[in-house]
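Contents: one structure, followed by commentary.
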Amino acid sequence: RKEVEQDPGPFNVPEGATVAFNCTYSNSASQSFFWYRQDCRKEPKLLMSVYSSGNEDGRFTAQLNRASQYISLLIRDSKLSDSATYLCVVNSNDYKLSFGAGTTVTVRA
Amino acid sequence: GAVVSQHPSRVICKSGTSVKIECRSLDFQATTMFWYRQFPKQSLMLMATSNEGSKATYEQGVEKDKFLINHASLTLSTLTVTSAHPEDSSFYICSATRAGLGPYEQYFGPGTRLTVT
């Protein structure tokens with residue numbers, strides 16, 4: 001079983017729509033969780049950390065459910081520039097990060 | 001912010017040759033550097049972890065004699081793909097952490113796209 005699993009999508013949404021997706025992780029001892037954004041053929045960039053109480057950064061809201069071992073990301077009022085692949089990232093052990101394969105979001109005009 | 005560079009950004013080489021990829025932290029000293037590989041539509045897979053002045057720690061299934069890692073200074077790590085084969089064609093990305101920050105705060109380089117013909 002993969003350490004981090006994501007729905008690959010793609011999620012095709014119109015501008016202004018809300019889109020949400022989850023990722024699940026297998027290691028119950030994981031402590032740190034992140035969402036990264038990766039544009040085509042580029043390096044991943046940190047979008048936001050995910051805190052136990054959930055957190056919001058502008059139009060982006062992240063939630064963590066430890067009991068069910070999943071993390072969610074919600075994007076409100078989608079912009080064309082939000083089109084990207086969103087990577088769910090979990091620390092596996094020590095300082096290593098485990099990456100999901102990504103969820104592709106395409107926002108259309 | 002912390003900047004990590006990689007060189008070259010893209011390389012094409014012939015099967016059987018060796019390719020060296022450099023990863024540099026430009027404005028900070030990197031206590032640890034990581035090397036990842038990403039195949040199309042797949043996740044980043046950690047290949048190895050290196051600390052300045054010590055031998056790299058390779059992940060299971062990664063051949064240390066094929067992927068040579070040298071971390072000679074706090075700002076430079078190199079990955080050499082020896083005797084490259086077409087199946088080594090991939091996107092190689094390095095990342096670095098710096099002292100004083102959490103170990104999960106990794107700054108990524110822009111990646112190197114390797115094509116072996």
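If you're wondering about the labels, chains in the structure tokens are A, B, ... by order shown, residues count from 1 in each chain, ligands from 1 in order shown.
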Taking only C-alpha atoms into account and nothing else, which residues of chain A lie no more than 7 Å away from chain B? Please answer as an MDAnalysis selection string. chainID A and resid 42:44 95 99:102
Using the selection just defined, write its residues with N, CA and C atoms as a PDB file, in the first residue's frame.
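Listed below is the output, again_3.pdb:
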```pdb
ATOM      1  N   LYS A  42       7.763  21.530 -13.447  1.00  0.00           N
ATOM      2  CA  LYS A  42       8.465  22.412 -12.519  1.00  0.00           C
ATOM      3  C   LYS A  42       8.607  21.706 -11.161  1.00  0.00           C
ATOM      4  N   GLU A  43       9.378  22.348 -10.277  1.00  0.00           N
ATOM      5  CA  GLU A  43       9.544  21.767  -8.958  1.00  0.00           C
ATOM      6  C   GLU A  43       8.309  22.026  -8.097  1.00  0.00           C
ATOM      7  N   PRO A  44       8.065  21.215  -7.078  1.00  0.00           N
ATOM      8  CA  PRO A  44       6.942  21.463  -6.181  1.00  0.00           C
ATOM      9  C   PRO A  44       7.224  22.666  -5.299  1.00  0.00           C
ATOM     10  N   TYR A  95      12.989  12.897   9.138  1.00  0.00           N
ATOM     11  CA  TYR A  95      12.810  14.116   8.362  1.00  0.00           C
ATOM     12  C   TYR A  95      12.387  13.831   6.927  1.00  0.00           C
ATOM     13  N   PHE A  99       5.504  11.754  -0.711  1.00  0.00           N
ATOM     14  CA  PHE A  99       4.655  12.531  -1.610  1.00  0.00           C
ATOM     15  C   PHE A  99       3.578  11.660  -2.228  1.00  0.00           C
ATOM     16  N   GLY A 100       2.378  12.218  -2.339  1.00  0.00           N
ATOM     17  CA  GLY A 100       1.363  11.581  -3.162  1.00  0.00           C
ATOM     18  C   GLY A 100       1.663  11.877  -4.616  1.00  0.00           C
ATOM     19  N   ALA A 101       0.976  11.165  -5.497  1.00  0.00           N
ATOM     20  CA  ALA A 101       1.201  11.352  -6.931  1.00  0.00           C
ATOM     21  C   ALA A 101       0.532  12.619  -7.464  1.00  0.00           C
ATOM     22  N   GLY A 102      -0.319  13.225  -6.643  1.00  0.00           N
ATOM     23  CA  GLY A 102      -0.897  14.506  -7.047  1.00  0.00           C
ATOM     24  C   GLY A 102      -2.310  14.421  -7.558  1.00  0.00           C
TER      25      GLY A 102
END
```
So which residues touch Lys64 (chain B) within 12 Å, counting only C-alpha atoms, skipping near sequence neighbours fewer than 6 positions away, as a list of chain:residue names? B:Met47, B:Ala48, B:Thr49, B:Lys55, B:Ala56, B:Thr57, B:Tyr58, B:Asn70, B:Leu79, B:Thr80, B:Val81, B:Thr82
Could you list, as an mmCIF file with all heavy atoms, in the first residue's frame, every residue within 10 Å of Ala72 (chain B), counting only C-alpha atoms and ignoring same-chain residues fewer than 6 positions away?
```cif
data_model
loop_
_atom_site.group_PDB
_atom_site.id
_atom_site.type_symbol
_atom_site.label_atom_id
_atom_site.label_comp_id
_atom_site.auth_asym_id
_atom_site.auth_seq_id
_atom_site.Cartn_x
_atom_site.Cartn_y
_atom_site.Cartn_z
ATOM 1 N N SER B 50 21.626 13.279 1.977
ATOM 2 C CA SER B 50 23.049 13.492 2.216
ATOM 3 C C SER B 50 23.287 14.635 3.183
ATOM 4 O O SER B 50 22.586 15.652 3.165
ATOM 5 C CB SER B 50 23.782 13.753 0.895
ATOM 6 O OG SER B 50 23.512 15.030 0.393
ATOM 7 N N ASN B 51 24.246 14.423 4.039
ATOM 8 C CA ASN B 51 24.698 15.444 4.966
ATOM 9 C C ASN B 51 26.133 15.795 4.627
ATOM 10 O O ASN B 51 26.913 14.917 4.258
ATOM 11 C CB ASN B 51 24.601 14.943 6.409
ATOM 12 C CG ASN B 51 23.168 14.735 6.831
ATOM 13 O OD1 ASN B 51 22.403 15.675 6.982
ATOM 14 N ND2 ASN B 51 22.786 13.477 6.995
ATOM 15 N N GLU B 52 26.468 17.055 4.774
ATOM 16 C CA GLU B 52 27.793 17.521 4.413
ATOM 17 C C GLU B 52 28.865 16.712 5.139
ATOM 18 O O GLU B 52 28.796 16.528 6.349
ATOM 19 C CB GLU B 52 27.923 19.010 4.739
ATOM 20 C CG GLU B 52 29.255 19.605 4.341
ATOM 21 C CD GLU B 52 30.204 19.722 5.516
ATOM 22 O OE1 GLU B 52 29.731 19.679 6.654
ATOM 23 O OE2 GLU B 52 31.413 19.857 5.277
ATOM 24 N N GLY B 53 29.806 16.203 4.363
ATOM 25 C CA GLY B 53 30.940 15.509 4.933
ATOM 26 C C GLY B 53 30.730 14.051 5.286
ATOM 27 O O GLY B 53 31.652 13.389 5.763
ATOM 28 N N SER B 54 29.549 13.551 5.052
ATOM 29 C CA SER B 54 29.326 12.133 5.360
ATOM 30 C C SER B 54 28.707 11.416 4.159
ATOM 31 O O SER B 54 28.237 12.059 3.223
ATOM 32 C CB SER B 54 28.446 11.971 6.597
ATOM 33 O OG SER B 54 27.219 12.608 6.420
ATOM 34 N N THR B 78 26.229 16.964 -5.244
ATOM 35 C CA THR B 78 26.160 16.522 -6.638
ATOM 36 C C THR B 78 25.646 15.100 -6.713
ATOM 37 O O THR B 78 25.911 14.277 -5.828
ATOM 38 C CB THR B 78 27.535 16.598 -7.329
ATOM 39 O OG1 THR B 78 28.458 15.753 -6.637
ATOM 40 C CG2 THR B 78 28.067 18.018 -7.348
#
```
Distance in Å - CA of Ser89 (chain B) versus CA of Gln60 (chain B):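 According to the coordinates, CA of Ser89 (chain B) and CA of Gln60 (chain B) are separated by 19.3 Å.
The interatomic distance for the pair CA of His85 (chain B) and CA of Thr117 (chain B) works out to 7.6 Å.
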Interatomic distance (Å, one decimal) between CA of Ser9 (chain B) and CA of Glu3 (chain A): 29.2 Å
Could you name the residues that touch Asp77 (chain A) at 12 Å or less, counting only C-alpha atoms, but leaving out those on the same chain fewer than 2 positions away, as an NGL selection string? :A and (13-20 or 58-61 or 74-75 or 79-82 or 107)
Those residues you just picked out, can you put them in a file as a JSON list (two decimals), in the first residue's frame with C-alpha atoms?
```
[["chain", "number", "residue", "atom", "x", "y", "z"],
["A", 13, "VAL", "CA", -14.00, 23.37, -12.76],
["A", 14, "PRO", "CA", -15.16, 26.77, -14.01],
["A", 15, "GLU", "CA", -13.68, 29.96, -12.67],
["A", 16, "GLY", "CA", -15.25, 30.94, -9.39],
["A", 17, "ALA", "CA", -16.20, 27.40, -8.43],
["A", 18, "THR", "CA", -15.19, 25.58, -5.29],
["A", 19, "VAL", "CA", -13.18, 22.40, -5.60],
["A", 20, "ALA", "CA", -12.14, 20.02, -2.86],
["A", 58, "GLY", "CA", -6.87, 33.04, 1.68],
["A", 59, "ARG", "CA", -8.99, 30.93, -0.64],
["A", 60, "PHE", "CA", -7.37, 27.70, 0.49],
["A", 61, "THR", "CA", -8.55, 25.64, 3.45],
["A", 74, "LEU", "CA", -10.55, 23.11, -0.51],
["A", 75, "ILE", "CA", -10.12, 25.91, -2.99],
["A", 79, "LYS", "CA", -8.86, 31.23, -10.48],
["A", 80, "LEU", "CA", -7.32, 30.20, -13.77],
["A", 81, "SER", "CA", -3.95, 30.42, -12.04],
["A", 82, "ASP", "CA", -5.01, 27.68, -9.62],
["A", 107, "VAL", "CA", -9.82, 25.77, -13.93]]
```
Go through B:Ser90, B:Ser73, B:Gln29, B:Ser18 one by one, measure the shortest atom-to-atom distance of each to Val3 (chain B) using only C-alpha atoms, and give the residue with the smallest value.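 The closest residue to Val3 (chain B) is B:Gln29.
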